[in-house]
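A quick write-up on the structure given underneath.
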Amino acid sequence: MNTALVSSPCFCFKESKRLEQIRGFGRSELCARAEKRNNGSNIVGEGDKKIRRRNALISGFLMASSLSLLGCTGEALAVKQGLLAGRIPGLSDPDERGFRTYRRPDDKSGGHGVGWSPIIPYSFKVPDGWEEVPVSIADLGGTEIDLRFASPKEGRLFVIVAPVRRFADLDDATIEQIGPPERVIDAFGPEVVGENVEGKVSSMETAEHSGRMYYQFEIESPHALITATAAGNRLYLFNVTGSGLQWKKHYKDLKEIAKSFRVV
C-alpha cells in the first residue's frame, strides 16, 4: 500500500523554533561555551569522549531533520504515490433504455499480488441507479473481489478476479482450458455464493463474444447469476444476486446485467 507522509504545521513550527535557538548562538559563543566546559579538566576520559561523540551524532541528526522540515510552511509533505487503489469512476451516461456501461479504468489498481500483470479491463451494463460500493478486506473471496456494485431496490453484484495458476499451470488461459461448465461451477460456485451448489444449478449456458467463451449459470438458492471466463493469467467470476423480492420484481434486469459481462 502506498502511503503519504504528512508533517503537521505544529511539528514544523516546533522544529523551526529549535533550529532558531541553535542558530541564535554565534560561532564565538559556541566556542566560548565549549572552552568553559573544558576548563574544568585538561584530561578527558574515554567515557566522556564516547558521550560527546554520541551527543554530536544526535545533534547532527536533529539538525538534518530540522532543515528538511523547515520548508513545509504548513503544507503537507508527501511521498509521490503510484496508482490509486479503490474506486475510480468508470460509468457512462445512461443510454436510451436507462442502462449505463461500466468499464474498469485502465489505471485502476487492485490488491492482487505483487508481480501480476495489469488486469485486463472488463465491462458490464447496469440500470441507472446502480453505484460502486467499497470492497472490504473481510469480503468473501478476500482481495480477489475486485469490484462491488449495488442498487437498494434491485440487487447487487461483485467481480472476483482470481489467479489462474491457483488451479491450472497456464499463463494465457481460456475458460475452456480450465474446464467444462460443470467442472467450473462445481469448483467455483461455492466460492461465489458461499455454499455448496450441487443440485442448485437451474440453468447452464455458453456464449461466445469476440472470440472469448463465457459460461453462464443460474443458481436457485441463494438466487445468483454467475458468468465465468478467463483472460491472461486470471479467472473472472461475475456474480449478480438479490433478495427474494428483488429477484421476483427485477429478474429481467438482473439477467441482462449478468449477460452483459465482457472482458475487453
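Note on naming: chains are A, B, ... as they come in the C-alpha cells, residues start from 1 per chain, ligands start from 1 in the order shown.
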
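The set of residues in stretch 96-202 of chain A assigned to alpha helix (DSSP H) by DSSP, using only backbone atoms of this structure, is Ile175, Glu176, Gln177, Ile178, Pro181, Glu182, Arg183, Val184, Ile185, Asp186, Ala187, Phe188, Gly189, Pro190, Glu191, Val192 and Val193 of chain A.
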
### Polymer residues at most 6 Å from A:Ile226, only C-alpha atoms, same-chain spacing of 3 or more positions, as a PyMOL selection string
chain A and resi 216-217+238-239

Now that the selection is made, can you save its residues with C-alpha atoms as a tab-separated table (two decimals), in the first residue's frame?
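Result file follows (out06.tsv):
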```tsv
chain	number	residue	atom	x	y	z
A	216	GLN	CA	-23.35	-18.60	-17.65
A	217	PHE	CA	-25.10	-20.22	-14.69
A	238	PHE	CA	-19.15	-12.14	-12.28
A	239	ASN	CA	-21.98	-12.64	-9.78
```

### Query
So how many Å separate atom CA of A:Gly189 and atom CA of A:Asp253, to one decimal?
21.7 Å

#### Entry: Polymer residues at most 9 Å from A:Val161, only C-alpha atoms, same-chain spacing of 3 or more positions, as a list of chain:residue names
A:His112, A:Ile119, A:Thr143, A:Glu144, A:Ile145, A:Asp146, A:Arg234, A:Leu235, A:Tyr236, A:Leu237, A:Phe238

#### Entry: Every residue of stretch 158-199 of chain A that DSSP places in strand (DSSP E or B), as a ChimeraX atom specification
/A:158-163

Convert the current residue selection to file output with C-alpha atoms, as a JSON list (two decimals), in the first residue's frame.
```json
[["chain", "number", "residue", "atom", "x", "y", "z"],
["A", 158, "PHE", "CA", -19.41, -8.32, -7.49],
["A", 159, "VAL", "CA", -16.47, -9.35, -9.64],
["A", 160, "ILE", "CA", -13.88, -11.89, -8.49],
["A", 161, "VAL", "CA", -10.53, -11.79, -10.30],
["A", 162, "ALA", "CA", -8.54, -14.86, -9.28],
["A", 163, "PRO", "CA", -5.07, -16.04, -10.41]]
```

Which residues come within 9 Å of stretch 92-103 of chain A, counting only C-alpha atoms, excluding same-chain residues fewer than 6 positions away, as a short mmCIF file (atom, residue, chain, number, x, y, z; two decimals) with N, CA and C atoms, in the first residue's frame?
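Output (out.cif):
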```cif
data_model
loop_
_atom_site.label_atom_id
_atom_site.label_comp_id
_atom_site.auth_asym_id
_atom_site.auth_seq_id
_atom_site.Cartn_x
_atom_site.Cartn_y
_atom_site.Cartn_z
N PRO A 121 -9.07 -5.08 -18.60
CA PRO A 121 -10.33 -4.45 -18.21
C PRO A 121 -11.55 -5.30 -18.58
N TYR A 122 -12.61 -5.11 -17.85
CA TYR A 122 -13.89 -5.76 -18.13
C TYR A 122 -14.99 -4.70 -18.12
N SER A 123 -16.16 -5.08 -18.64
CA SER A 123 -17.27 -4.14 -18.66
C SER A 123 -18.58 -4.89 -18.44
N PHE A 124 -19.59 -4.15 -18.05
CA PHE A 124 -20.95 -4.69 -17.92
C PHE A 124 -21.92 -3.52 -17.89
N LYS A 125 -23.20 -3.83 -18.02
CA LYS A 125 -24.23 -2.79 -18.01
C LYS A 125 -25.09 -2.92 -16.76
N VAL A 126 -25.48 -1.78 -16.22
CA VAL A 126 -26.39 -1.75 -15.07
C VAL A 126 -27.43 -0.65 -15.31
N PRO A 127 -28.64 -0.84 -14.80
CA PRO A 127 -29.64 0.23 -14.89
C PRO A 127 -29.18 1.46 -14.12
N ASP A 128 -29.66 2.61 -14.52
CA ASP A 128 -29.34 3.84 -13.81
C ASP A 128 -29.78 3.70 -12.34
N TRP A 130 -27.63 2.14 -10.09
CA TRP A 130 -26.61 1.25 -9.51
C TRP A 130 -25.32 2.05 -9.34
N VAL A 264 -12.63 -7.02 -21.91
CA VAL A 264 -12.36 -6.25 -23.12
C VAL A 264 -10.87 -6.08 -23.40
#
```

### Task
For atom CA of A:Thr229 and atom CA of A:Gln246, quote the distance in Å rounded to one decimal.
26.0 Å
